[in-house]
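Chemist: Submitted below is the structure of interest, expressed as structure tokens.
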Amino acid sequence: MLRAEGIIIDVPSWNDTYEPVIGLEVHAQLLTRSKAFCGCSTQFGTGPNTNVCPVCLGLPGALPVLNRKVVDFTIRMGLATRCTIAPRAIFARKNYFYPDLPKGYQISQYESPICSNGYVELESEQGRRRIGITRIHMEEDAGKSIHDADADTLVDVNRCGVPLMEIVSEPDLRSPREASLYMKKMRQLVTYLGICDGNMEEGSLRCDANVSVRRKGETTFGTKTEVKNMNSFRFVERALEYEIHRQIDLLERGEPVVQQTLLWDSTAGEVRPMRSKEEAHDYRYFPEPDLVPVMVDDPWVEEIRASLPELPDERLNRFVREYQLPQYDAGVLADEKDLADYYEQTARSLKSTNAESYKLASNWTMGDVLRVINEQQIAARDLPVSPAALAGMIDLVVDGTISSKIAKEVFDEMLRTGEGAVQVVERKGLVQMSDRTALEKIVDEVLERNRGQVEQYVSGKKQVFGFFVGEMMKATKGKANPRIVNELLQEKLGARTK
Amino acid sequence: MRSFDDISAALSEHATTCENIIQEYLATIDARRDLNAFLAVDAERALVRARQVDEKRMGGDAGPLAGMVVAVKDNICIKDWNTTCASKILEEFVAPYNATTIEKLSDADAIIIGKTNMDEFAMGSSTENSAFGRVKHPVDASRVPGGSSGGSAVAVSAGMCTTALGSDTGGSIRQPASFTGIVGLKPTYGRVSRYGLVAFASSLDQIGPFAVTVRDAARLLQAIAGHDERDSTTAKVPVPDYLTALNRDVKGLKIGVPREYFDESLRNDIRAAIETQLDILRSAGAEVRQVSLPHADYTVATYYILATAEASSNLARFDGARYGFRADDASTLKENYTKSRSRGFGQEVKRRIMLGTYVLSSGYYDAYYLKGQKVRRLISSDFERALSEVDVLIGPTSPTTSFKAGEKTDDPLQMYLSDIYTTSANLAGIPAVSIPCGTDGNNLPIGLQIMGKQFDEETVLRVADFLETRA
């Protein structure tokens, strides 16, 4: 059965005599300040058709000039995915007609891409998997067609010439889950490298998938289809689930899979035909005569290699080493650069530099910080509680000024007002009561008020201990130092038991 | 025909002013409207500019080309001028920017008088393929001036300007120069910026000068040559002083004569005219020897595969969405493309787009485009080899002199063969000049071509200048 409402599952939901074969083509918009072949800004949100010049408008007579940053960024990705960097890369023209493509061709790469033959590693349901990268090449983006209410099509060419990097994987992915893990890996890498903002909803990171199925054990590939327009990790899984089911159903019925391009419709939850093989474009690629070959010498590659930032796997390992974090914590924190940066800044702002406080910072980052940024859909760096502020709060917990319980309240208040921990604690009088004599007095009062429970305890029902702790917290509005309360209660109740 | 030397002399003797010179040219343009050399003349703009240059001359800080009046082929963008490429599809296109060559001319204080007629998108060898009517030969109006830069050639040869800019993809400067009896130079590929030249075949196109004398061609080249940050294909090779290279001495120079250019198919009168020039060189102490270009037979075929392939892509941007011309009865996007392009382009342009699309198509790419690229490399190495033995190569510019209008329009192959001696310089990327060398029985000019090593315009011009002074 075809199912529109895909549920994300780790175990194949299809007839397991079949095996899907998936390859992804990932497009990442590069974060250069100017476009790939002219000096126009890549800034978004400006008025339509304002970031343009004769070159990106494709005016007659205008010529492209390569922005070397584009090469630089693409080589960074190539090195991060262990690709071979070509000493000589050639641009090619991909010819097709479309209103948002002013030149009638896209400058891309065809036969001599800048990076090839690399790989990334994933932890999937099938264990540690190595996914091959066939090639990474540079190209320019097209403009945007906007269909207005009067059925006119308007074209905004601001995006024309914005640099893209296309990463083509080998057909090594064997499940929708792997495809989405691979996509996450791509996102992780480009954001760590600082070459793409990784925003799938806004289209700065997008992917197309080539999918086929075959009987398990077969070595040849089945007929593939191409699925486009999957603009979130969830949609990658759902669209592929859908398409794999569709292909298996066809084969089960004895019908052939037709090679075609399909479009994922996230509202309907299905893939729909876009064009068949007969309608497929003949792009008539040929070397771009307006640009000279890009010569990449070793010093250039080495310079880029030396400037590569720490990559996710290295960072994970360092977190374990430097902050004595459990493997699990380090994995969650290093997963997204933004969160990893948040954690690291917090850890570095701590006054107490021991394993306990690092772990406390990790708990807070993986817990409340991650919860809030997910709820509010914001980046960790935009959280009203800065890493320094969080560190300040954790220091108060570590030095006993506030209890962990109170810390939750302090954090929420910091989040609401943007104040520092010390300010909040002072303003709301949340300093922990650690004065033994004062607490002893309250313990006596509590025990006096609850004689029945004291008797229960004395007669052996030790579970009521928790009740006394609760009463203590109630009486002190949560400010009592739990350790001292524990000690006092043990002491007093113990004395009565004897 | 007045050279820039004549003009400079008259200006420095205060015998005339730039403004007067413009007036005289305007009068000639007006008197010879029948030739259809110009697509646009802006008298007002030229006169304003002439007065500015006259003022600068008074102040003693005029540029090197002050007093030179230039006509510009209508495929080179000048800000605020229509740039039509003699095509209906670009009839309403007003360029919002200047080509680099135009900025350089302006910096040198040359004055632009107008835009010249041409074969549509520079595709043709007779200037009959203009959407705005053919250009006529000044000597015989029933004849063609050659092409595709026929308008620029006629503008100079009929005395409507001092010099002109043309573009040469397969002979489009040299062949019309030859037909009209003037000097036409195609520089080395990468010597002159193509920024602002509406592309026909990007790997072959070069802008170059038309002039009455070799000295003027050298002066104009001097002004426009050099690396341009806006054109990645321009070379960072220093530009020498071309005028000082014209030392009127050819002693010891080695002149190569390609055997393949002098086979039995060459017209006797053209052969004789060239041989007379070779004798002059010999007697002046140059060494003339035969060389071979073994792949010469494949030149035209290779050229028409590669040039049309690039053209099919370069002309894709004219799709009815921009630049004014659009079929008004299209109901779908595809119809808009097909109708606008079917009506906007002329026959020859459509023929070449189809040829180019075909040779790049999947399944044919290897057999045509790729093979063409390989043969292009063979042709280039023929020239490299020959030019390692000699300093320049000399031969005819064209297998014929000016032919009758309509004579070859129905036979594209015959028309393409007009380029048999010129396309190789584009394929090899080397400089080549055509200079007049006598006339035929119909009093029609014959052209002689001199080709040289890459970036060695100096020697090419030096030999040309020498022959010009001996003619």
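The chains in the structure tokens are called A, B, ... from first to last as shown; in each chain the residues are counted from 1, and the ligands are counted from 1 in the order shown.
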Could the residues of chain A within 6 Å of chain B, counting only C-alpha atoms, be given as number ranges by chain, please?
Modeler: A: 60-63, 65, 102-104, 284, 289, 291
Chemist: Identify, on the basis of only C-alpha atoms, every residue whose closest approach to stretch 289-295 of chain B does not exceed 6 Å; exclude the query and any residue fewer than 4 positions from it along the same chain; express the result as a list in words.
Modeler: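 These residues fall inside the cut-off: Gly256, Val257, Pro258, Arg259, Ile379 and Asp382 of chain B.
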Chemist: Quick one: residues within 12 Å of A:Gly429, only C-alpha atoms, excluding same-chain residues fewer than 4 positions away - as a list in words?
Modeler: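 Within the cut-off, the hits are Thr401, Ile402, Ile406, Glu409, Val410, Ala421, Val422, Gln423, Val424, Val425, Met433, Thr476, Lys477, Gly478 and Lys479 of chain A.
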Chemist: Selected residues, all heavy atoms, written as a tab-separated table (two decimals), in the first residue's frame, please.
Modeler:
chain	number	residue	atom	x	y	z
A	401	THR	N	25.44	28.79	46.16
A	401	THR	CA	24.60	29.97	46.37
A	401	THR	C	23.14	29.67	46.07
A	401	THR	O	22.24	30.10	46.79
A	401	THR	CB	25.07	31.14	45.46
A	401	THR	OG1	26.46	31.33	45.67
A	401	THR	CG2	24.31	32.41	45.78
A	402	ILE	N	22.90	28.90	45.02
A	402	ILE	CA	21.52	28.47	44.74
A	402	ILE	C	21.49	26.95	44.54
A	402	ILE	O	22.51	26.34	44.21
A	402	ILE	CB	20.93	29.16	43.48
A	402	ILE	CG1	21.82	28.89	42.25
A	402	ILE	CG2	20.72	30.65	43.69
A	402	ILE	CD1	21.21	29.33	40.94
A	406	ILE	N	16.33	25.72	42.35
A	406	ILE	CA	16.16	27.16	42.18
A	406	ILE	C	16.73	27.60	40.85
A	406	ILE	O	16.23	28.51	40.19
A	406	ILE	CB	16.87	27.90	43.35
A	406	ILE	CG1	16.09	27.69	44.64
A	406	ILE	CG2	16.99	29.40	43.07
A	406	ILE	CD1	14.72	28.31	44.68
A	409	GLU	N	14.37	28.00	38.10
A	409	GLU	CA	13.58	29.23	38.20
A	409	GLU	C	14.42	30.42	37.72
A	409	GLU	O	13.94	31.29	37.01
A	409	GLU	CB	13.16	29.41	39.66
A	409	GLU	CG	12.11	30.47	39.88
A	409	GLU	CD	11.79	30.62	41.37
A	409	GLU	OE1	11.98	29.63	42.12
A	409	GLU	OE2	11.38	31.72	41.77
A	410	VAL	N	15.70	30.42	38.15
A	410	VAL	CA	16.59	31.51	37.76
A	410	VAL	C	16.76	31.53	36.23
A	410	VAL	O	16.68	32.58	35.60
A	410	VAL	CB	17.97	31.36	38.45
A	410	VAL	CG1	18.96	32.41	37.92
A	410	VAL	CG2	17.82	31.47	39.95
A	421	ALA	N	22.48	36.03	36.19
A	421	ALA	CA	22.03	35.15	37.27
A	421	ALA	C	22.09	35.85	38.63
A	421	ALA	O	21.14	35.77	39.43
A	421	ALA	CB	22.88	33.88	37.28
A	422	VAL	N	23.17	36.54	38.89
A	422	VAL	CA	23.35	37.19	40.19
A	422	VAL	C	22.23	38.21	40.44
A	422	VAL	O	21.62	38.24	41.50
A	422	VAL	CB	24.74	37.88	40.27
A	422	VAL	CG1	24.87	38.66	41.56
A	422	VAL	CG2	25.84	36.83	40.16
A	423	GLN	N	21.92	38.98	39.41
A	423	GLN	CA	20.83	39.97	39.50
A	423	GLN	C	19.51	39.31	39.87
A	423	GLN	O	18.80	39.75	40.76
A	423	GLN	CB	20.63	40.64	38.14
A	423	GLN	CG	21.50	41.84	37.87
A	423	GLN	CD	21.28	42.29	36.43
A	423	GLN	OE1	21.69	41.58	35.52
A	423	GLN	NE2	20.60	43.41	36.25
A	424	VAL	N	19.20	38.23	39.15
A	424	VAL	CA	17.92	37.54	39.37
A	424	VAL	C	17.86	37.00	40.79
A	424	VAL	O	16.87	37.19	41.51
A	424	VAL	CB	17.73	36.39	38.36
A	424	VAL	CG1	16.51	35.53	38.73
A	424	VAL	CG2	17.59	36.92	36.94
A	425	VAL	N	18.94	36.37	41.20
A	425	VAL	CA	18.98	35.74	42.52
A	425	VAL	C	18.80	36.81	43.62
A	425	VAL	O	18.03	36.64	44.56
A	425	VAL	CB	20.30	34.96	42.71
A	425	VAL	CG1	20.51	34.57	44.17
A	425	VAL	CG2	20.28	33.73	41.83
A	433	MET	N	19.47	28.76	51.51
A	433	MET	CA	19.70	28.79	52.96
A	433	MET	C	20.65	27.69	53.33
A	433	MET	O	20.32	26.51	53.21
A	433	MET	CB	18.38	28.58	53.71
A	433	MET	CG	17.47	29.79	53.66
A	433	MET	SD	15.93	29.40	54.51
A	433	MET	CE	16.51	29.20	56.17
A	476	THR	N	10.75	26.63	53.24
A	476	THR	CA	11.80	27.60	52.89
A	476	THR	C	11.63	28.14	51.47
A	476	THR	O	12.53	28.74	50.91
A	476	THR	CB	13.19	26.94	52.98
A	476	THR	OG1	13.21	25.82	52.09
A	476	THR	CG2	13.51	26.49	54.39
A	477	LYS	N	10.51	27.91	50.90
A	477	LYS	CA	10.23	28.28	49.49
A	477	LYS	C	11.32	27.77	48.55
A	477	LYS	O	11.76	28.46	47.65
A	477	LYS	CB	10.10	29.81	49.37
A	477	LYS	CG	8.90	30.36	50.11
A	477	LYS	CD	8.59	31.78	49.65
A	477	LYS	CE	7.32	32.32	50.26
A	477	LYS	NZ	7.57	33.05	51.55
A	478	GLY	N	11.77	26.53	48.84
A	478	GLY	CA	12.73	25.87	47.96
A	478	GLY	C	14.16	26.31	48.14
A	478	GLY	O	15.04	25.84	47.44
A	479	LYS	N	14.39	27.23	49.09
A	479	LYS	CA	15.74	27.79	49.19
A	479	LYS	C	16.69	26.99	50.08
A	479	LYS	O	17.89	27.24	50.10
A	479	LYS	CB	15.67	29.24	49.67
A	479	LYS	CG	15.10	30.17	48.61
A	479	LYS	CD	15.15	31.62	49.02
A	479	LYS	CE	14.01	31.94	49.98
A	479	LYS	NZ	14.00	33.36	50.37
Chemist: Residues within 7 Å of B:Ser157, please, as a ChimeraX atom specification. Count only C-alpha atoms; anything in the same chain fewer than 3 positions from it doesn't count.
Modeler: /B:1,153-154,180,182
Chemist: Would you export the selected residues with all heavy atoms as a PDB file, in the first residue's frame, please?
Modeler:
ATOM      1  N   MET B   1      39.952  59.662 -48.761  1.00  0.00           N
ATOM      2  CA  MET B   1      40.364  59.008 -47.518  1.00  0.00           C
ATOM      3  C   MET B   1      41.506  59.782 -46.887  1.00  0.00           C
ATOM      4  O   MET B   1      42.534  60.015 -47.505  1.00  0.00           O
ATOM      5  CB  MET B   1      40.813  57.573 -47.797  1.00  0.00           C
ATOM      6  CG  MET B   1      39.691  56.663 -48.261  1.00  0.00           C
ATOM      7  SD  MET B   1      40.136  54.950 -48.043  1.00  0.00           S
ATOM      8  CE  MET B   1      41.291  54.718 -49.398  1.00  0.00           C
ATOM      9  N   ALA B 153      33.883  48.753 -42.788  1.00  0.00           N
ATOM     10  CA  ALA B 153      34.833  48.819 -43.914  1.00  0.00           C
ATOM     11  C   ALA B 153      34.442  49.933 -44.881  1.00  0.00           C
ATOM     12  O   ALA B 153      35.286  50.728 -45.310  1.00  0.00           O
ATOM     13  CB  ALA B 153      34.878  47.469 -44.629  1.00  0.00           C
ATOM     14  N   VAL B 154      33.155  50.006 -45.191  1.00  0.00           N
ATOM     15  CA  VAL B 154      32.698  51.024 -46.145  1.00  0.00           C
ATOM     16  C   VAL B 154      32.811  52.418 -45.527  1.00  0.00           C
ATOM     17  O   VAL B 154      33.204  53.374 -46.201  1.00  0.00           O
ATOM     18  CB  VAL B 154      31.245  50.716 -46.592  1.00  0.00           C
ATOM     19  CG1 VAL B 154      30.653  51.888 -47.364  1.00  0.00           C
ATOM     20  CG2 VAL B 154      31.229  49.444 -47.439  1.00  0.00           C
ATOM     21  N   THR B 180      37.306  46.184 -49.770  1.00  0.00           N
ATOM     22  CA  THR B 180      37.138  47.627 -49.927  1.00  0.00           C
ATOM     23  C   THR B 180      38.471  48.363 -50.027  1.00  0.00           C
ATOM     24  O   THR B 180      38.511  49.592 -50.069  1.00  0.00           O
ATOM     25  CB  THR B 180      36.335  48.220 -48.754  1.00  0.00           C
ATOM     26  OG1 THR B 180      37.007  47.892 -47.526  1.00  0.00           O
ATOM     27  CG2 THR B 180      34.919  47.679 -48.714  1.00  0.00           C
ATOM     28  N   ILE B 182      41.191  48.602 -47.891  1.00  0.00           N
ATOM     29  CA  ILE B 182      41.769  49.294 -46.737  1.00  0.00           C
ATOM     30  C   ILE B 182      42.516  48.300 -45.844  1.00  0.00           C
ATOM     31  O   ILE B 182      42.641  47.127 -46.181  1.00  0.00           O
ATOM     32  CB  ILE B 182      40.696  50.055 -45.918  1.00  0.00           C
ATOM     33  CG1 ILE B 182      39.594  49.092 -45.449  1.00  0.00           C
ATOM     34  CG2 ILE B 182      40.091  51.192 -46.749  1.00  0.00           C
ATOM     35  CD1 ILE B 182      38.617  49.703 -44.459  1.00  0.00           C
TER      36      ILE B 182
END
Chemist: Considering only alpha helix (DSSP H) as DSSP defines it on the backbone, what residues of stretch 130-323 of chain A qualify? List them as an MDAnalysis selection string.
Modeler: chainID A and resid 176:193 233:252 298:307 312:323
Chemist: Excluding stretch 304-319 of chain A and any residue of its chain fewer than 6 positions from it, enumerate the residues within 7 Å of it, using only C-alpha atoms, and give them as JSON, numbers by chain.
Modeler: {"A": [76, 79, 192, 193, 325, 330, 331, 334, 335]}
Chemist: Selected residues, N, CA and C atoms, written as a PDB file, in the first residue's frame, please.
Modeler:
ATOM      1  N   ARG A  76      37.248  23.745   0.302  1.00  0.00           N
ATOM      2  CA  ARG A  76      37.083  23.447   1.728  1.00  0.00           C
ATOM      3  C   ARG A  76      36.196  22.214   1.913  1.00  0.00           C
ATOM      4  N   LEU A  79      37.974  19.070   0.811  1.00  0.00           N
ATOM      5  CA  LEU A  79      38.945  18.563   1.784  1.00  0.00           C
ATOM      6  C   LEU A  79      38.232  17.913   2.969  1.00  0.00           C
ATOM      7  N   TYR A 192      29.719  23.877   9.742  1.00  0.00           N
ATOM      8  CA  TYR A 192      31.009  23.885  10.439  1.00  0.00           C
ATOM      9  C   TYR A 192      32.064  24.631   9.624  1.00  0.00           C
ATOM     10  N   LEU A 193      32.016  24.407   8.296  1.00  0.00           N
ATOM     11  CA  LEU A 193      33.021  25.040   7.434  1.00  0.00           C
ATOM     12  C   LEU A 193      32.719  26.516   7.216  1.00  0.00           C
ATOM     13  N   LEU A 325      33.672  14.941  29.100  1.00  0.00           N
ATOM     14  CA  LEU A 325      32.252  14.645  28.919  1.00  0.00           C
ATOM     15  C   LEU A 325      32.062  13.197  28.489  1.00  0.00           C
ATOM     16  N   ALA A 330      29.021  14.551  24.335  1.00  0.00           N
ATOM     17  CA  ALA A 330      29.864  15.194  23.332  1.00  0.00           C
ATOM     18  C   ALA A 330      29.232  15.066  21.951  1.00  0.00           C
ATOM     19  N   GLY A 331      28.611  13.922  21.680  1.00  0.00           N
ATOM     20  CA  GLY A 331      27.952  13.694  20.395  1.00  0.00           C
ATOM     21  C   GLY A 331      26.793  14.648  20.179  1.00  0.00           C
ATOM     22  N   ALA A 334      28.233  18.324  19.821  1.00  0.00           N
ATOM     23  CA  ALA A 334      29.034  18.618  18.628  1.00  0.00           C
ATOM     24  C   ALA A 334      28.216  18.508  17.347  1.00  0.00           C
ATOM     25  N   ASP A 335      27.027  17.952  17.451  1.00  0.00           N
ATOM     26  CA  ASP A 335      26.220  17.689  16.269  1.00  0.00           C
ATOM     27  C   ASP A 335      25.988  18.947  15.438  1.00  0.00           C
TER      28      ASP A 335
END
Chemist: Give the strand (DSSP E) residues of stretch 285-461 of chain A, as assigned by DSSP on the backbone, as a list in words.
Modeler: Phe286, Pro287, Val294 and Met295 of chain A
